[in-house]
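Trainee: Supplied structure: my_file.txt, compact mmCIF, C-alpha atoms.
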```txt
# COMPACT_ATOMS: atom_id res chain seq x y z
CA MET B 1 -21.92 -11.31 49.57
CA VAL B 2 -24.63 -8.78 48.85
CA GLY B 3 -22.07 -5.99 48.91
CA GLN B 4 -19.92 -7.82 46.35
CA ALA B 5 -22.84 -8.34 43.98
CA LYS B 6 -23.77 -4.67 44.18
CA GLY B 7 -20.16 -3.64 43.49
CA SER B 8 -19.96 -5.91 40.45
CA VAL B 9 -23.19 -4.53 38.97
CA GLY B 10 -21.94 -0.97 39.49
CA PHE B 11 -18.70 -1.75 37.69
CA LEU B 12 -20.52 -3.28 34.71
CA ASP B 13 -22.98 -0.37 34.58
CA ASN B 14 -20.09 2.05 34.50
CA LEU B 15 -18.39 -0.04 31.82
CA ARG B 16 -21.56 0.04 29.70
CA ASP B 17 -21.93 3.80 30.20
CA PHE B 18 -18.29 4.36 29.30
CA PHE B 19 -18.56 2.55 25.98
CA LEU B 20 -22.13 3.40 25.03
CA TYR B 21 -23.03 6.82 26.40
CA ASP B 22 -20.12 8.76 27.84
CA ASP B 23 -18.59 9.97 24.59
CA LEU B 24 -16.70 12.77 26.29
CA TRP B 25 -14.64 10.54 28.60
CA ARG B 26 -14.22 7.72 26.10
CA TRP B 27 -12.87 10.04 23.40
CA ARG B 28 -10.63 11.70 25.96
CA ALA B 29 -9.25 8.23 26.71
CA ILE B 30 -8.87 7.50 22.98
CA GLY B 31 -7.14 10.83 22.32
CA TRP B 32 -4.68 10.45 25.20
CA THR B 33 -3.97 6.82 24.31
CA ILE B 34 -3.19 7.74 20.69
CA ALA B 35 -1.02 10.67 21.79
CA ILE B 36 0.99 8.71 24.40
CA ALA B 37 1.41 5.48 22.44
CA GLY B 38 2.11 7.38 19.18
CA ALA B 39 4.77 9.53 20.89
CA PHE B 40 6.28 6.42 22.50
CA GLY B 41 6.40 4.58 19.15
CA SER B 42 7.85 7.62 17.36
CA ALA B 43 10.60 7.97 19.97
CA GLN B 44 11.40 4.26 19.68
CA LEU B 45 11.56 4.34 15.88
CA VAL B 46 13.30 7.69 15.37
CA PHE B 47 15.59 8.10 18.38
CA ALA B 48 16.12 4.60 19.78
CA GLY B 49 16.46 3.05 16.30
CA ALA B 50 14.08 0.18 17.21
CA SER B 51 12.91 -2.21 14.50
CA PRO B 52 9.28 -1.81 13.33
CA ASP B 53 8.39 -5.16 15.00
CA ASP B 54 9.75 -4.01 18.37
CA ALA B 55 8.06 -0.62 18.06
CA VAL B 56 4.72 -2.22 17.14
CA PHE B 57 4.98 -4.53 20.16
CA GLY B 58 5.90 -1.62 22.45
CA MET B 59 3.03 0.53 21.16
CA GLY B 60 0.61 -2.38 21.58
CA MET B 61 1.68 -2.73 25.21
CA VAL B 62 1.29 1.01 25.86
CA VAL B 63 -2.19 0.95 24.28
CA ALA B 64 -3.18 -2.08 26.38
CA PHE B 65 -1.94 -0.55 29.65
CA SER B 66 -3.49 2.81 28.84
CA ALA B 67 -6.86 1.21 27.98
CA ILE B 68 -6.86 -0.90 31.16
CA GLY B 69 -5.89 2.17 33.19
CA TRP B 70 -8.59 4.38 31.71
CA VAL B 71 -11.38 1.80 31.91
CA GLY B 72 -10.33 0.73 35.41
CA TRP B 73 -10.18 4.32 36.63
CA TYR B 74 -13.52 5.27 35.06
CA CYS B 75 -15.36 2.22 36.32
CA SER B 76 -13.92 2.46 39.84
CA PHE B 77 -13.87 6.23 40.41
CA ARG B 78 -16.41 7.46 37.91
CA PRO B 79 -16.40 11.27 37.48
CA GLN B 80 -19.19 12.92 39.45
CA GLN B 81 -20.87 14.69 36.56
CA SER B 82 -22.11 11.28 35.38
CA VAL B 83 -22.44 10.84 31.62
CA GLY B 84 -20.80 13.68 29.70
CA PRO B 85 -22.75 15.87 27.32
CA SER B 86 -23.83 14.23 24.08
CA LEU B 87 -22.26 15.39 20.86
CA SER B 88 -24.12 18.38 19.40
CA ARG B 89 -25.10 18.63 15.75
CA ARG B 90 -22.64 21.48 15.36
CA ASN B 91 -19.81 19.30 16.62
CA MET B 92 -20.82 16.45 14.35
CA LEU B 93 -20.90 18.81 11.37
CA LEU B 94 -17.48 20.15 12.34
CA GLN B 95 -16.07 16.62 12.47
CA LEU B 96 -17.63 15.77 9.14
CA LEU B 97 -16.09 18.90 7.61
CA THR B 98 -12.68 18.10 9.16
CA GLY B 99 -12.83 14.59 7.70
CA LEU B 100 -13.89 15.85 4.28
CA ALA B 101 -11.22 18.57 4.33
CA GLY B 102 -8.51 16.01 5.24
CA ALA B 103 -9.59 13.56 2.56
CA SER B 104 -9.91 16.33 -0.06
CA LEU B 105 -6.49 17.76 0.81
CA GLY B 106 -4.96 14.29 0.40
CA VAL B 107 -6.59 13.77 -2.99
CA ILE B 108 -5.67 17.30 -4.15
CA LEU B 109 -2.01 16.79 -3.19
CA LEU B 110 -1.95 13.44 -4.96
CA ARG B 111 -3.49 14.92 -8.12
CA PHE B 112 -1.09 17.86 -7.91
CA GLN B 113 1.94 15.56 -7.97
CA ILE B 114 0.57 13.56 -10.89
CA ARG B 115 -0.33 16.69 -12.89
CA THR B 116 3.03 18.34 -12.18
CA SER B 117 4.92 15.19 -13.21
CA GLU B 118 2.93 14.86 -16.41
CA ARG B 119 3.41 18.53 -17.28
CA ILE B 120 7.18 18.37 -16.71
CA LEU B 121 7.50 15.15 -18.73
CA GLU B 122 5.47 16.56 -21.61
CA ARG B 123 7.54 19.75 -21.62
CA ALA B 124 10.81 17.79 -21.57
CA ALA B 125 9.62 15.36 -24.25
CA ALA B 126 8.82 18.25 -26.61
CA ASP B 127 12.59 18.46 -27.29
CA PRO B 128 14.09 15.21 -25.95
CA VAL B 129 17.52 15.79 -27.51
CA GLU B 130 18.15 18.93 -25.42
CA PRO B 131 20.54 18.11 -22.51
CA GLU B 132 18.54 20.33 -20.11
CA ASN B 133 15.36 18.37 -20.84
CA ILE B 134 17.23 15.08 -20.43
CA ASP B 135 18.38 16.13 -16.94
CA GLU B 136 14.93 17.37 -16.01
CA ALA B 137 13.19 14.17 -17.13
CA ASN B 138 15.80 12.00 -15.38
CA GLY B 139 15.41 13.90 -12.09
CA LEU B 140 11.63 13.86 -12.28
CA LEU B 141 11.42 10.11 -12.95
CA ALA B 142 13.69 9.38 -9.96
CA ARG B 143 11.61 11.62 -7.66
CA ALA B 144 8.30 10.26 -8.95
CA ARG B 145 9.55 6.69 -8.39
CA GLY B 146 10.65 7.56 -4.84
CA ALA B 147 7.34 9.25 -3.99
CA GLN B 148 5.34 6.51 -5.77
CA VAL B 149 3.50 9.03 -7.92
CA ARG B 150 1.40 7.19 -10.48
CA ILE B 151 1.81 9.01 -13.80
CA SER B 152 -0.76 7.87 -16.38
CA MET B 153 0.29 5.03 -18.69
CA GLN B 154 -0.72 7.11 -21.72
CA THR B 155 1.60 10.00 -20.76
CA LEU B 156 4.41 7.57 -20.00
CA GLU B 157 4.06 5.85 -23.34
CA LYS B 158 3.80 9.11 -25.28
CA THR B 159 6.73 10.88 -23.60
CA GLY B 160 8.90 7.80 -23.05
CA ARG B 161 8.59 6.89 -26.73
CA ARG B 162 10.00 10.29 -27.70
CA PHE B 163 13.09 9.77 -25.56
CA VAL B 164 13.64 6.25 -26.92
CA LEU B 165 13.44 7.53 -30.50
CA ALA B 166 15.58 10.58 -29.67
CA SER B 167 18.37 8.31 -28.42
CA ARG B 168 19.11 7.57 -32.09
CA GLN B 169 20.30 11.19 -32.44
CA ASN B 170 21.52 11.82 -28.90
CA PRO B 171 22.70 8.72 -26.97
CA SER B 172 22.30 10.66 -23.67
CA ALA B 173 18.53 10.33 -24.11
CA TRP B 174 18.93 6.56 -23.72
CA ASN B 175 19.55 6.94 -19.98
CA VAL B 176 16.20 8.71 -19.71
CA ALA B 177 14.59 5.88 -21.68
CA LEU B 178 16.00 3.38 -19.14
CA GLY B 179 14.68 5.65 -16.37
CA PHE B 180 11.24 5.44 -18.01
CA LEU B 181 11.44 1.64 -18.05
CA ALA B 182 12.44 1.49 -14.37
CA TYR B 183 9.66 3.90 -13.43
CA ARG B 184 7.10 2.08 -15.59
CA SER B 185 8.12 -1.18 -13.93
CA SER B 186 7.74 0.38 -10.46
CA ILE B 187 4.08 1.26 -11.09
CA ASN B 188 3.17 -1.84 -13.07
CA PRO B 189 -0.06 -3.34 -11.77
CA LYS B 190 0.15 -6.49 -9.70
CA ALA B 191 0.86 -9.66 -11.65
CA PRO B 192 -1.69 -12.48 -11.83
CA ALA B 193 -1.44 -15.04 -9.03
CA GLY B 194 -2.08 -17.98 -11.40
CA PRO B 195 -4.53 -20.81 -10.81
CA ALA B 196 -4.31 -22.65 -7.52
CA HIS B 197 -2.92 -26.19 -7.79
CA LYS B 198 -4.51 -27.86 -4.80
CA GLY B 199 -4.76 -31.60 -5.20
CA GLU B 200 -2.89 -31.62 -8.51
CA PRO B 201 -0.21 -34.27 -9.01
CA LEU B 202 3.39 -33.22 -8.44
CA VAL B 203 4.92 -31.73 -11.58
CA GLN B 204 8.66 -31.90 -12.22
CA THR B 205 9.90 -29.11 -14.44
CA ALA B 206 13.30 -27.71 -15.32
CA TYR B 207 14.28 -24.19 -16.36
CA ASP B 208 17.48 -22.57 -17.52
CA TYR B 209 18.68 -18.98 -17.67
CA HIS B 210 21.75 -16.73 -17.99
CA ARG B 211 23.34 -15.74 -14.74
CA VAL B 212 25.11 -12.41 -14.54
CA ARG B 213 28.65 -13.07 -13.35
CA GLY B 214 29.45 -11.74 -9.88
CA THR B 215 25.83 -11.05 -8.93
CA GLU B 216 23.19 -12.87 -6.93
CA ALA B 217 20.79 -15.21 -8.73
CA PRO B 218 17.05 -14.52 -8.50
CA ARG B 219 14.95 -16.72 -6.17
CA PHE B 220 12.55 -18.79 -8.25
CA SER B 221 9.08 -20.08 -7.41
CA VAL B 222 6.15 -21.40 -9.45
CA THR B 223 2.37 -21.36 -9.22
CA GLY B 224 -0.59 -23.18 -10.78
CA VAL B 225 -0.60 -26.32 -12.90
CA VAL B 226 -1.72 -26.21 -16.55
CA ALA B 227 -1.33 -28.29 -19.74
CA THR B 228 2.15 -27.97 -21.30
CA PRO B 229 1.16 -25.87 -24.38
CA SER B 230 0.13 -23.00 -22.12
CA ALA B 231 2.71 -23.58 -19.39
CA ALA B 232 5.36 -21.08 -18.32
CA GLN B 233 8.78 -21.31 -19.90
CA LEU B 234 12.22 -20.03 -18.99
CA ASP B 235 14.79 -21.40 -21.37
CA TYR B 236 17.11 -20.63 -24.25
CA ILE B 237 15.39 -19.98 -27.59
CA GLY B 238 14.70 -23.27 -29.42
CA GLU B 239 15.12 -25.39 -26.30
CA ASP B 240 12.45 -26.72 -24.03
CA LEU B 241 13.54 -28.84 -21.10
CA ASN B 242 9.91 -29.76 -20.36
CA ARG B 243 8.74 -30.79 -23.82
CA ASN B 244 7.98 -34.37 -22.72
CA GLN B 245 5.85 -33.27 -19.76
CA ALA B 246 2.05 -33.42 -19.98
CA LYS B 247 1.69 -30.55 -17.51
CA GLY B 248 3.67 -27.56 -16.39
CA PHE B 249 3.35 -24.53 -14.15
CA ALA B 250 1.19 -21.54 -15.05
CA TYR B 251 3.63 -18.86 -13.89
CA ILE B 252 7.28 -18.65 -12.90
CA PHE B 253 8.26 -15.98 -10.37
CA ALA B 254 11.83 -14.70 -10.24
CA GLU B 255 12.53 -12.39 -7.31
CA GLY B 256 15.59 -10.22 -6.67
CA GLY B 257 19.07 -10.82 -8.05
CA SER B 258 20.15 -10.33 -11.65
CA MET B 259 19.31 -12.01 -14.94
CA ALA B 260 20.65 -11.59 -18.48
CA ILE B 261 17.93 -12.20 -21.05
CA ASP B 262 19.87 -12.30 -24.37
CA GLY B 263 19.03 -15.49 -26.28
CA MET B 264 16.23 -16.40 -23.84
CA HIS B 265 12.62 -17.43 -24.30
CA LEU B 266 10.44 -16.32 -21.41
CA ARG B 267 6.73 -17.16 -21.28
CA HIS B 268 4.38 -16.38 -18.38
CA VAL B 269 7.27 -15.18 -16.25
CA ILE B 270 6.98 -12.56 -13.50
CA LEU B 271 10.18 -10.72 -12.61
CA LEU B 272 10.00 -8.98 -9.22
CA GLY B 273 12.76 -6.55 -8.32
CA VAL B 274 15.20 -8.20 -10.71
CA HIS B 275 18.16 -6.35 -12.25
CA VAL B 276 17.65 -7.17 -15.95
CA GLU B 277 20.51 -7.02 -18.46
CA TYR B 278 19.94 -7.07 -22.22
CA PHE B 279 22.47 -6.24 -24.90
CA GLY B 280 20.36 -6.61 -28.04
CA GLY B 281 20.61 -10.34 -28.79
CA PRO B 282 17.76 -12.60 -29.95
CA LEU B 283 14.89 -12.61 -27.47
CA GLN B 284 11.37 -13.96 -27.12
CA LEU B 285 9.07 -12.61 -24.42
CA GLU B 286 5.49 -13.78 -24.06
CA ASP B 287 3.34 -12.42 -21.23
CA VAL B 288 6.31 -11.30 -19.13
CA TYR B 289 5.77 -8.94 -16.17
CA PHE B 290 8.53 -6.60 -15.02
CA LEU B 291 7.62 -5.43 -11.51
CA ASN B 292 9.93 -3.01 -9.74
CA CYS B 293 12.85 -4.07 -11.94
CA ASP B 294 15.75 -1.96 -13.13
CA PHE B 295 17.49 -2.34 -16.45
CA LYS B 296 20.93 -2.30 -18.00
CA MET B 297 20.70 -2.20 -21.77
CA ASP B 298 23.11 -1.06 -24.46
CA LEU B 299 21.73 1.32 -27.03
CA GLY B 300 20.77 -0.60 -30.19
CA ARG B 301 17.92 -1.44 -32.52
CA ASN B 302 16.61 -4.42 -30.54
CA THR B 303 16.96 -2.74 -27.15
CA GLN B 304 15.10 0.31 -28.45
CA ASP B 305 12.32 -1.93 -29.80
CA LEU B 306 12.10 -3.74 -26.45
CA ALA B 307 11.92 -0.40 -24.64
CA LEU B 308 9.04 0.69 -26.89
CA ALA B 309 7.23 -2.62 -26.26
CA MET B 310 7.67 -2.25 -22.50
CA LEU B 311 6.28 1.29 -22.51
CA GLU B 312 2.96 0.14 -23.94
CA PRO B 313 0.09 0.43 -21.43
CA SER B 314 -0.42 -3.35 -21.12
CA PRO B 315 1.03 -4.64 -17.80
CA ALA B 316 2.62 -7.68 -19.50
CA THR B 317 5.22 -7.45 -22.28
CA THR B 318 5.24 -9.57 -25.42
CA PHE B 319 8.20 -9.04 -27.71
CA SER B 320 10.35 -10.87 -30.20
CA ALA B 321 13.79 -10.00 -31.63
CA ALA B 322 15.89 -12.09 -34.01
CA MET D 1 -47.87 -5.53 15.59
CA HIS D 2 -47.28 -2.13 14.07
CA ALA D 3 -46.30 -0.69 17.48
CA MET D 4 -43.85 -3.54 18.01
CA ALA D 5 -42.17 -2.88 14.68
CA ASP D 6 -41.93 0.84 15.54
CA HIS D 7 -40.39 -0.01 18.89
CA PHE D 8 -37.91 -2.36 17.20
CA TRP D 9 -36.80 0.25 14.66
CA SER D 10 -36.57 3.05 17.23
CA GLU D 11 -34.40 0.78 19.39
CA ILE D 12 -32.18 -0.10 16.45
CA TRP D 13 -31.90 3.62 15.66
CA GLU D 14 -31.12 4.68 19.23
CA GLU D 15 -28.90 1.78 20.31
CA TRP D 16 -27.07 0.99 17.11
CA PHE D 17 -27.28 3.47 14.33
CA ARG D 18 -26.90 6.80 16.12
CA PRO D 19 -23.95 5.80 18.31
CA LEU D 20 -22.25 4.04 15.40
CA ALA D 21 -22.77 6.98 13.06
CA LYS D 22 -21.08 9.26 15.62
CA GLU D 23 -18.19 6.81 15.96
CA CYS D 24 -17.85 6.51 12.19
CA LEU D 25 -17.71 10.28 11.86
CA LYS D 26 -14.93 10.71 14.44
CA THR D 27 -13.00 7.71 13.09
CA PHE D 28 -13.36 9.01 9.52
CA SER D 29 -12.10 12.49 10.46
CA ILE D 30 -9.00 11.07 12.23
CA LEU D 31 -8.20 8.70 9.36
CA ALA D 32 -8.73 11.48 6.81
CA VAL D 33 -6.22 13.69 8.63
CA LEU D 34 -3.71 10.80 8.70
CA TYR D 35 -4.21 10.29 4.95
CA ALA D 36 -3.65 14.00 4.29
CA VAL D 37 -0.37 13.88 6.28
CA TRP D 38 0.69 10.83 4.25
CA GLU D 39 0.15 12.75 1.01
CA VAL D 40 2.02 15.76 2.44
CA ILE D 41 5.02 13.47 3.08
CA ALA D 42 4.77 12.15 -0.51
CA LEU D 43 4.67 15.75 -1.77
CA MET D 44 7.76 16.62 0.29
CA ARG D 45 9.60 13.62 -1.17
CA PHE D 46 8.50 14.62 -4.64
CA SER D 47 9.72 18.17 -3.99
CA GLY D 48 13.19 16.84 -3.20
CA TYR D 49 13.43 17.09 0.61
CA PRO D 50 16.36 15.11 2.13
CA GLU D 51 15.59 11.40 2.42
CA ASP D 52 16.77 10.92 6.05
CA TYR D 53 14.56 13.79 7.21
CA LEU D 54 11.56 12.29 5.37
CA GLU D 55 12.25 8.85 6.79
CA SER D 56 12.02 10.25 10.32
CA ILE D 57 8.70 11.94 9.54
CA GLU D 58 7.47 8.73 7.95
CA LYS D 59 8.33 6.77 11.09
CA VAL D 60 6.38 9.22 13.25
CA HIS D 61 3.46 8.99 10.85
CA PHE D 62 3.64 5.21 10.89
CA ALA D 63 3.59 5.16 14.71
CA PHE D 64 0.53 7.40 14.95
CA MET D 65 -1.23 5.62 12.10
CA TYR D 66 -0.65 2.21 13.67
CA VAL D 67 -1.82 3.34 17.10
CA SER D 68 -4.86 5.13 15.64
CA LEU D 69 -5.95 2.10 13.64
CA LEU D 70 -5.46 -0.16 16.65
CA VAL D 71 -7.31 2.08 19.11
CA LEU D 72 -10.11 3.14 16.75
CA GLY D 73 -10.65 -0.42 15.51
CA SER D 74 -10.73 -1.79 19.06
CA ASN D 75 -13.10 0.98 20.15
CA PHE D 76 -15.44 0.07 17.32
CA VAL D 77 -15.43 -3.64 18.10
CA ILE D 78 -15.79 -3.21 21.87
CA LYS D 79 -18.61 -0.71 21.39
CA LEU D 80 -20.46 -3.15 19.13
CA VAL D 81 -19.99 -6.02 21.58
CA ILE D 82 -21.17 -3.96 24.53
CA SER D 83 -24.16 -2.48 22.71
CA THR D 84 -25.21 -6.01 21.67
CA TRP D 85 -24.79 -7.17 25.26
CA SER D 86 -26.75 -4.14 26.51
CA VAL D 87 -29.68 -4.81 24.13
CA LYS D 88 -29.76 -8.45 25.27
CA GLN D 89 -29.75 -7.37 28.92
CA LYS D 90 -32.73 -5.11 28.25
CA ASP D 91 -34.64 -7.92 26.50
CA ARG D 92 -34.35 -10.18 29.59
```
Could you spell out this file's structure in structure tokens?
Mentor:
Amino acid sequence: MVGQAKGSVGFLDNLRDFFLYDDLWRWRAIGWTIAIAGAFGSAQLVFAGASPDDAVFGMGMVVAFSAIGWVGWYCSFRPQQSVGPSLSRRNMLLQLLTGLAGASLGVILLRFQIRTSERILERAAADPVEPENIDEANGLLARARGAQVRISMQTLEKTGRRFVLASRQNPSAWNVALGFLAYRSSINPKAPAGPAHKGEPLVQTAYDYHRVRGTEAPRFSVTGVVATPSAAQLDYIGEDLNRNQAKGFAYIFAEGGSMAIDGMHLRHVILLGVHVEYFGGPLQLEDVYFLNCDFKMDLGRNTQDLALAMLEPSPATTFSAA
Amino acid sequence: MHAMADHFWSEIWEEWFRPLAKECLKTFSILAVLYAVWEVIALMRFSGYPEDYLESIEKVHFAFMYVSLLVLGSNFVIKLVISTWSVKQKDR
């Protein structure tokens, strides 16, 4: 009995020393655990083609076994040299410098991509009718979208505007303008969540929209309850299926799929990853968010005006065309 | 009274702040290196490297990032719990 009590105290003392004082052995355990579990997860993801969920579960198991193994080994067969040497000031300074160098390198690379993108766009936009510049701007926008480089809104508006206007002389520039819209939509700030509607009475609303033949419809959802005058709307111009309602929803979300917006009136609508088609018909947009959308638009007066409105720095678009 | 306050602060310094500052430093340096690698991958994508090659590197980065966050976060929490327990044991 006495022997057992002594053993248990020794184990707990070792456990305390491991986590509080023996930095050398604890960080060895951390380093090896990261290396083994990281290599295991990488092999699962890259070579075995495992899903992220399976890989995360596998890595969690490896971490758990490794931690139990290390702690169990240390507490049962503690190394003879007792607590390892404490971290010297020189080592701490070295770690601080490593951390600062890593963070600075990351920020420098990020800034480098943004600066390079802006410089290329500005150079291409200086003569947006030139086919070489059109190709260069198209390629850059695709790469910047893929790498999620956040070009400033001001540069986007300034350079994008030039390509939209240039498409009146050279229709090839219109493709670049659509590339600008897709890129701009990919970096648009997050849309508002809308007021919560806990405890509010159930509201029945109806909406209508153009489906694009042969494509999937967007998935719709709504959020927040507000008085009808400031409620969201998704309907044909001049129609309102909810005009007799006292209340409506604050925002309508449309996610994925395709939507044609000619002849539509959209108010407080958030389009997420929707393929948007517009061919220059009448249109009313009020506080409409395009997030990660792509666009199919014919070249025309109204489509050009919509493109210019969407390039403005405001995250939501308000626009009207007769 | 004054001596008690001094003792309290020196204990806080020795048992909490110093060990935690060392942990923060190591954790920060590892996370900073992971962030730098993330930006290097973004730069490679921006420079036009093949997508399948980048996806493989991204998966490796994801695995190490996930494990690092899990291990470093757990280390932090366990260290806090044990240092609290240790201080309480000393007070008894």
Trainee: Just give me the gap between CA of Phe163 (chain B) and CA of Arg45 (chain D) in Å, one decimal is fine.
Mentor: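 Distance reported for this atom pair: 24.9 Å.
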Trainee: Find the residues around Trp38 (chain D) up to 9 Å (all atoms listed in the file counted), leave out those fewer than 5 positions away in its own chain, and share them as number ranges by chain.
Mentor: B: 106; D: 33, 43, 58, 61
Trainee: Padding 8 Å on every side, please: axis-aligned box over the listed atoms of region 275-294 of chain B, centre and edge lengths to one decimal in Å, as JSON.
Mentor:
```
{"center_x": 12.9, "center_y": -8.0, "center_z": -19.8, "size_x": 35.1, "size_y": 28.0, "size_z": 36.2}
```
Trainee: Rounded to one decimal place, report the CA of Glu157 (chain B)-CA of Asp287 (chain B) distance in Å.
Mentor: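 One can read the CA of Glu157 (chain B) to CA of Asp287 (chain B) distance as 18.4 Å.
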Trainee: Residues of chain D no more than 8 Å from chain B, counting all atoms listed in the file: send them over as JSON, numbers by chain.
Mentor: {"D": [19, 22, 25, 26, 28, 29, 30, 31, 32, 33, 34, 35, 36, 37, 38, 39, 40, 42, 43, 45, 46, 47, 48, 56, 59, 60, 61, 63, 64, 66, 67, 68, 71, 72, 78, 79, 82, 83, 86]}
Trainee: Take CA of Ala250 (chain B) and CA of Val226 (chain B) and report the distance between them in Å, one decimal.
Mentor: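 Computing the Euclidean distance for CA of Ala250 (chain B) and CA of Val226 (chain B) yields 5.7 Å.
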Trainee: Arg301 (chain B): which residues within 12 Å, counting only C-alpha atoms, same-chain residues fewer than 2 positions away excluded, as a list in words?
Mentor: Val164, Leu165, Ser167, Arg168, Trp174, Tyr278, Phe279, Gly280, Gly281, Pro282, Met297, Asp298, Leu299, Thr303, Gln304, Asp305, Leu306, Ala307, Leu308, Ala321 and Ala322 of chain B
Trainee: Can you tell me which residues surround Gln284 (chain B) at a distance of at most 9 Å, considering all atoms listed in the file, apart from same-chain residues fewer than 2 positions away, and format the answer as a ChimeraX atom specification?
Mentor: /B:237,263-267,282,286,318-322
Trainee: Using all atoms listed in the file, find the one residue out of B:Gly224, B:Phe295, B:Glu130, B:Thr215 that sits nearest to Gln169 (chain B).
Mentor: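 Using all atoms listed in the file, Gln169 (chain B) sits closest to B:Glu130.
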Trainee: Output region 114-144 of chain B from the block with C-alpha atoms, as an mmCIF file, in the first residue's frame?
Mentor:
```cif
data_model
loop_
_atom_site.group_PDB
_atom_site.id
_atom_site.type_symbol
_atom_site.label_atom_id
_atom_site.label_comp_id
_atom_site.auth_asym_id
_atom_site.auth_seq_id
_atom_site.Cartn_x
_atom_site.Cartn_y
_atom_site.Cartn_z
ATOM 1 C CA ILE B 114 -0.238 42.572 -54.471
ATOM 2 C CA ARG B 115 2.292 45.139 -55.746
ATOM 3 C CA THR B 116 3.206 43.011 -58.777
ATOM 4 C CA SER B 117 -0.466 42.481 -59.651
ATOM 5 C CA GLU B 118 -1.232 46.175 -59.347
ATOM 6 C CA ARG B 119 1.791 47.139 -61.440
ATOM 7 C CA ILE B 120 0.888 44.673 -64.219
ATOM 8 C CA LEU B 121 -2.758 45.793 -64.235
ATOM 9 C CA GLU B 122 -1.804 49.462 -64.359
ATOM 10 C CA ARG B 123 0.637 48.810 -67.205
ATOM 11 C CA ALA B 124 -1.963 46.811 -69.162
ATOM 12 C CA ALA B 125 -4.696 49.377 -68.515
ATOM 13 C CA ALA B 126 -2.529 52.161 -69.959
ATOM 14 C CA ASP B 127 -3.448 50.800 -73.426
ATOM 15 C CA PRO B 128 -6.428 48.468 -72.881
ATOM 16 C CA VAL B 129 -7.187 48.076 -76.599
ATOM 17 C CA GLU B 130 -3.824 46.394 -77.300
ATOM 18 C CA PRO B 131 -4.312 42.583 -77.657
ATOM 19 C CA GLU B 132 -1.073 41.894 -75.739
ATOM 20 C CA ASN B 133 -2.316 43.904 -72.763
ATOM 21 C CA ILE B 134 -5.690 42.158 -72.929
ATOM 22 C CA ASP B 135 -3.987 38.753 -72.684
ATOM 23 C CA GLU B 136 -1.721 39.916 -69.887
ATOM 24 C CA ALA B 137 -4.579 41.353 -67.819
ATOM 25 C CA ASN B 138 -6.712 38.233 -68.389
ATOM 26 C CA GLY B 139 -3.899 35.912 -67.272
ATOM 27 C CA LEU B 140 -3.062 38.029 -64.254
ATOM 28 C CA LEU B 141 -6.675 38.224 -63.033
ATOM 29 C CA ALA B 142 -7.036 34.422 -63.288
ATOM 30 C CA ARG B 143 -3.777 33.853 -61.361
ATOM 31 C CA ALA B 144 -4.608 36.482 -58.742
#
```
